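Visitor: There's a structure below that I have some questions on.
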Amino acid sequence: MAVGQGPPIGLVDAETPGQGDHMDLLAAAVLDDDRFRVPESPAAPTGVAWLRGSVPRFAEGERHQRLRSLVEEVVADLELGLDLSPGASPGASASASASASASAGASRGAPAGASPDGTTDLRRAGGGDPTLRLLSLLGLEAGCAADVALVAGAYQPHAPQSREADAAADRLVVALGPRDERTAAVLCVLVQAHAATAALVDARRAGRGGPPVPTTRRLGPDGVEVEVDLTGAPFGRGRHACPGRAVALALTAAALAEPRGDDVRHD
Ligand code: HEM
């Protein structure tokens with residue numbers, strides 16, 4: 001392996017259907033190494049492939065920087081909505097939620113959880129479910145959650161692809177519209193947040209440590225795909241590091257503060 005980063009820290013079974021038996025598992029330090037690149041997704045007209053071809057997660061170079069800036073704008077609006085930004089004042093949530101909603105291109109009236117005067121009670125909006133909370137902040141219907149889950153399941157190029165997931169991606173684009181990089185940035189945030197945040201909530205509830213997303217992947221300098229261990233770097237490192245860390249932690253805290261659905265008594 002022409003890595004130049006020390007030996008692999010071990011070998012794991014590749015979880016990838018159709019891939020080789022094993023992939024090298026490297027330490028997170030390679031995420032700081034420009035020679036290790038994310039698999040870049042080509043442009044595609046529709047479906048999950050369109051999303052992959054339009055987000056920073058699967059782009060490098062100038063294109064990555066441009067797409068990441070768009071995501072960072074969406075995340076900054078969410079941070080305002082969650083009262084996380086340094087400048088956020090108490091009570092800023094409702095207007096920031098409206099701003100996040102407007103910047104999402106959503107035009108379906110008041111966000112879920114909105115009270116009659118148009119403000120949003122963020123404790124009600126989406127409750128403790130991270131994806132419902134994000135949908136609410138973005139002014140999208142709670143019914144979109146099933147489509148977010150479908151797309152998230154097919155988001156990684158090595159995950160099983162399906163017509164259902166493609167149709168879900170296209171429905172979400174219609175809900176957000178127009179089909180452009182800004183819309184892709186909003187979808188990217190929803191999809192990136194979905195499984196990872198749920199995994200962190202589950203881990204905290206179960207008292208488990210370790211990174212909620214255990215590994216990621218890169219193409220090494222020799223073009224061979226490697227797995228990267230996220231132990232010690234749960235939100236990644238380097239140019240692709242998670243821009244949603246603060247949002248993820250706030251959503252997780254909110255979820256843990258809520259009683260679980262199956263804990264609630266109905267008598
Ligand atoms: C506990 C929850 C989360 C965890 C553990 C997590 C972890 C990560 C990790 C490890 C990466 C880097 C992947 C790589 O380098 O290959 C990443 C990237 C990313 N995350 Fe998160 N994430 C979480 C929640 C979120 C949330 C809530 C958002 C948005 C609000 C978000 C948005 C993103 C985006 C857009 C990227 C791609 C950045 C890029 O490629 O430049 N994530 N995340």
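Identifiers in this document derive from the order of the structure tokens: chains are assigned A, B, ..., residues are numbered from 1 separately in each chain, and ligands are numbered from 1 in order of occurrence.
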For the contact check between region 24-98 of chain A and region 149-159 of chain A, emit one row per residue of region 24-98 of chain A within 9 Å, containing the shortest atom pair and the distance in Å rounded to one decimal, counting only C-alpha atoms, chain then rising number order, as a Markdown table.

Guide:
| residue | atom | partner | partner_atom | distance |
| --- | --- | --- | --- | --- |
| A:Pro39 | CA | A:Pro157 | CA | 8.5 |
| A:Ser41 | CA | A:Pro157 | CA | 8.3 |
| A:Gly47 | CA | A:Val151 | CA | 8.9 |
| A:Val48 | CA | A:Tyr155 | CA | 6.5 |
| A:Ala49 | CA | A:Tyr155 | CA | 8.2 |
| A:Leu51 | CA | A:Tyr155 | CA | 8.1 |
| A:Arg52 | CA | A:Tyr155 | CA | 6.9 |

Visitor: Residues as selected, N, CA and C atoms, written as a PDB file, in the first residue's frame, can you do that?

Guide:
ATOM      1  N   PRO A  39     -14.652   9.370  -2.713  1.00  0.00           N
ATOM      2  CA  PRO A  39     -15.056   8.950  -4.057  1.00  0.00           C
ATOM      3  C   PRO A  39     -15.964  10.030  -4.647  1.00  0.00           C
ATOM      4  N   SER A  41     -18.657  11.765  -7.004  1.00  0.00           N
ATOM      5  CA  SER A  41     -19.832  11.300  -7.740  1.00  0.00           C
ATOM      6  C   SER A  41     -20.066  12.179  -8.956  1.00  0.00           C
ATOM      7  N   GLY A  47     -32.818  11.549  -8.919  1.00  0.00           N
ATOM      8  CA  GLY A  47     -32.636  10.481  -7.940  1.00  0.00           C
ATOM      9  C   GLY A  47     -31.530  10.745  -6.932  1.00  0.00           C
ATOM     10  N   VAL A  48     -31.149   9.684  -6.227  1.00  0.00           N
ATOM     11  CA  VAL A  48     -30.085   9.800  -5.219  1.00  0.00           C
ATOM     12  C   VAL A  48     -28.766  10.139  -5.895  1.00  0.00           C
ATOM     13  N   ALA A  49     -28.571   9.658  -7.119  1.00  0.00           N
ATOM     14  CA  ALA A  49     -27.333   9.979  -7.845  1.00  0.00           C
ATOM     15  C   ALA A  49     -27.218  11.479  -8.075  1.00  0.00           C
ATOM     16  N   LEU A  51     -28.390  13.751  -6.040  1.00  0.00           N
ATOM     17  CA  LEU A  51     -27.983  14.315  -4.751  1.00  0.00           C
ATOM     18  C   LEU A  51     -26.482  14.110  -4.522  1.00  0.00           C
ATOM     19  N   ARG A  52     -26.034  12.861  -4.733  1.00  0.00           N
ATOM     20  CA  ARG A  52     -24.604  12.578  -4.520  1.00  0.00           C
ATOM     21  C   ARG A  52     -23.725  13.478  -5.388  1.00  0.00           C
TER      22      ARG A  52
END

Visitor: So that I can check the surroundings of Asp180 (chain A), please list as a list in words every protein, DNA and RNA residue that reaches within 10 Å of it, counting only C-alpha atoms and ignoring chain neighbours fewer than 3 positions away.

Guide: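 Everything that qualifies: Trp50, Leu51, Ser54, Val173, Leu176, Gly177, Thr183, Ala184 and Ala185 of chain A.
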
Visitor: Skipping near chain neighbours, those fewer than 2 positions away, what residues fall within 9 Å of Thr197 (chain A) using only C-alpha atoms, listed as a ChimeraX atom specification?

Guide: /A:130-131,192-195,199-202,212,248-249,251-252

Visitor: Quote the spacing between atom 23 (C, counted along the ligand's line) of ligand 1 and CA of Gly61 (chain A) in Å to one decimal place.

Guide: 22.1 Å

Visitor: How many Å lie between CA of Arg260 (chain A) and CA of Leu138 (chain A), rounded to one decimal?

Guide: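 We find that CA of Arg260 (chain A) and CA of Leu138 (chain A) lie 23.4 Å from each other.
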
Visitor: One decimal, in Å: what's the spacing between CA of Pro86 (chain A) and CA of Leu140 (chain A)?

Guide: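 Computed distance, CA of Pro86 (chain A) to CA of Leu140 (chain A), equals 25.8 Å.
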
Visitor: Among region 139-260 of chain A, which residues carry a DSSP assignment of strand (DSSP E or B), reported as a PyMOL selection string?

Guide: chain A and resi 215-219+225-229

Visitor: Using only C-alpha atoms, which residue out of A:Val213, A:Ala254, A:Ala167, A:Val71 lies closest to Ala196 (chain A)?

Guide: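 Result for the nearest residue to Ala196 (chain A): A:Val213.
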
Visitor: Please identify which residues in region 17-88 of chain A DSSP calls helix (DSSP H, G or I) from the backbone, and express them as a PyMOL selection string.

Guide: chain A and resi 28-32+47-52+56-58+61-81

Visitor: Measuring between only C-alpha atoms and all ligand atoms, which one of A:Asp129, A:Glu60, A:Asp83, A:Glu141 shows the shortest distance to ligand 1?

Guide: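 Of the candidates, the smallest distance to ligand 1 is held by A:Glu60.
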
Visitor: Hey, which of A:Leu187, A:Ala142, A:Ala44, A:Val224 ends up closest to ligand 1? Count only C-alpha atoms and all ligand atoms.

Guide: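 Nearest candidate to ligand 1 out of A:Leu187, A:Ala142, A:Ala44, A:Val224: A:Leu187.
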
Visitor: Of the candidates A:Leu82, A:Leu67, A:Cys242, A:Met23, which one gets nearest to ligand 1 if we count only C-alpha atoms and all ligand atoms?

Guide: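 That would be A:Cys242, the residue with the smallest distance to ligand 1.
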
Visitor: Quick one: residues within 12 Å of Ala241 (chain A), only C-alpha atoms counted, chain neighbours fewer than 3 positions away excluded, as a VMD selection string?

Guide: chain A and resid 28 to 29 31 to 32 38 56 to 57 68 72 192 216 230 233 to 238 244 to 245

Visitor: How would the residues just chosen look if you wrote them out with N, CA and C atoms as a PDB file, in the first residue's frame?

Guide:
ATOM      1  N   ALA A  28      -7.615   7.725  11.636  1.00  0.00           N
ATOM      2  CA  ALA A  28      -8.289   8.946  11.181  1.00  0.00           C
ATOM      3  C   ALA A  28      -7.329  10.016  10.674  1.00  0.00           C
ATOM      4  N   ALA A  29      -6.055   9.912  11.001  1.00  0.00           N
ATOM      5  CA  ALA A  29      -5.089  10.928  10.544  1.00  0.00           C
ATOM      6  C   ALA A  29      -5.075  11.070   9.029  1.00  0.00           C
ATOM      7  N   LEU A  31      -7.400  11.476   7.165  1.00  0.00           N
ATOM      8  CA  LEU A  31      -8.406  12.450   6.725  1.00  0.00           C
ATOM      9  C   LEU A  31      -7.794  13.834   6.533  1.00  0.00           C
ATOM     10  N   ASP A  32      -6.627  14.055   7.126  1.00  0.00           N
ATOM     11  CA  ASP A  32      -5.915  15.330   6.943  1.00  0.00           C
ATOM     12  C   ASP A  32      -5.012  15.302   5.709  1.00  0.00           C
ATOM     13  N   VAL A  38     -12.286  11.616  -1.213  1.00  0.00           N
ATOM     14  CA  VAL A  38     -13.584  10.940  -1.182  1.00  0.00           C
ATOM     15  C   VAL A  38     -13.873  10.432  -2.596  1.00  0.00           C
ATOM     16  N   PRO A  56     -21.154  18.294  -1.014  1.00  0.00           N
ATOM     17  CA  PRO A  56     -19.715  18.302  -0.721  1.00  0.00           C
ATOM     18  C   PRO A  56     -19.158  16.943  -0.319  1.00  0.00           C
ATOM     19  N   ARG A  57     -20.015  16.108   0.252  1.00  0.00           N
ATOM     20  CA  ARG A  57     -19.553  14.811   0.764  1.00  0.00           C
ATOM     21  C   ARG A  57     -18.867  13.983  -0.318  1.00  0.00           C
ATOM     22  N   ARG A  68     -19.668  23.024  -0.070  1.00  0.00           N
ATOM     23  CA  ARG A  68     -19.604  23.044   1.401  1.00  0.00           C
ATOM     24  C   ARG A  68     -20.055  24.404   1.956  1.00  0.00           C
ATOM     25  N   GLU A  72     -22.802  25.052   4.733  1.00  0.00           N
ATOM     26  CA  GLU A  72     -22.518  25.821   5.954  1.00  0.00           C
ATOM     27  C   GLU A  72     -23.551  26.924   6.170  1.00  0.00           C
ATOM     28  N   GLN A 192     -27.439  13.643   5.817  1.00  0.00           N
ATOM     29  CA  GLN A 192     -26.240  13.405   6.629  1.00  0.00           C
ATOM     30  C   GLN A 192     -26.607  13.308   8.104  1.00  0.00           C
ATOM     31  N   THR A 216     -15.399   5.681   7.884  1.00  0.00           N
ATOM     32  CA  THR A 216     -15.758   6.293   6.599  1.00  0.00           C
ATOM     33  C   THR A 216     -14.813   5.705   5.554  1.00  0.00           C
ATOM     34  N   LEU A 230     -12.969   5.969  12.688  1.00  0.00           N
ATOM     35  CA  LEU A 230     -13.285   7.280  13.258  1.00  0.00           C
ATOM     36  C   LEU A 230     -13.156   7.320  14.782  1.00  0.00           C
ATOM     37  N   ALA A 233     -12.219  10.513  16.412  1.00  0.00           N
ATOM     38  CA  ALA A 233     -12.608  11.592  15.497  1.00  0.00           C
ATOM     39  C   ALA A 233     -14.062  11.372  15.059  1.00  0.00           C
ATOM     40  N   PRO A 234     -14.990  11.388  16.021  1.00  0.00           N
ATOM     41  CA  PRO A 234     -16.376  11.008  15.693  1.00  0.00           C
ATOM     42  C   PRO A 234     -17.032  11.919  14.660  1.00  0.00           C
ATOM     43  N   PHE A 235     -16.555  13.144  14.538  1.00  0.00           N
ATOM     44  CA  PHE A 235     -17.112  14.055  13.533  1.00  0.00           C
ATOM     45  C   PHE A 235     -16.127  14.273  12.383  1.00  0.00           C
ATOM     46  N   GLY A 236     -15.193  13.360  12.248  1.00  0.00           N
ATOM     47  CA  GLY A 236     -14.256  13.442  11.141  1.00  0.00           C
ATOM     48  C   GLY A 236     -13.145  14.439  11.404  1.00  0.00           C
ATOM     49  N   ARG A 237     -12.309  14.640  10.392  1.00  0.00           N
ATOM     50  CA  ARG A 237     -11.179  15.560  10.465  1.00  0.00           C
ATOM     51  C   ARG A 237     -10.950  16.118   9.085  1.00  0.00           C
ATOM     52  N   GLY A 238     -10.238  17.246   9.044  1.00  0.00           N
ATOM     53  CA  GLY A 238      -9.816  17.767   7.751  1.00  0.00           C
ATOM     54  C   GLY A 238     -10.944  18.431   6.983  1.00  0.00           C
ATOM     55  N   GLY A 244     -21.848  19.875  10.950  1.00  0.00           N
ATOM     56  CA  GLY A 244     -23.092  19.891  11.735  1.00  0.00           C
ATOM     57  C   GLY A 244     -22.927  19.443  13.168  1.00  0.00           C
ATOM     58  N   ARG A 245     -21.700  19.495  13.679  1.00  0.00           N
ATOM     59  CA  ARG A 245     -21.443  18.959  15.022  1.00  0.00           C
ATOM     60  C   ARG A 245     -22.332  19.616  16.080  1.00  0.00           C
TER      61      ARG A 245
END
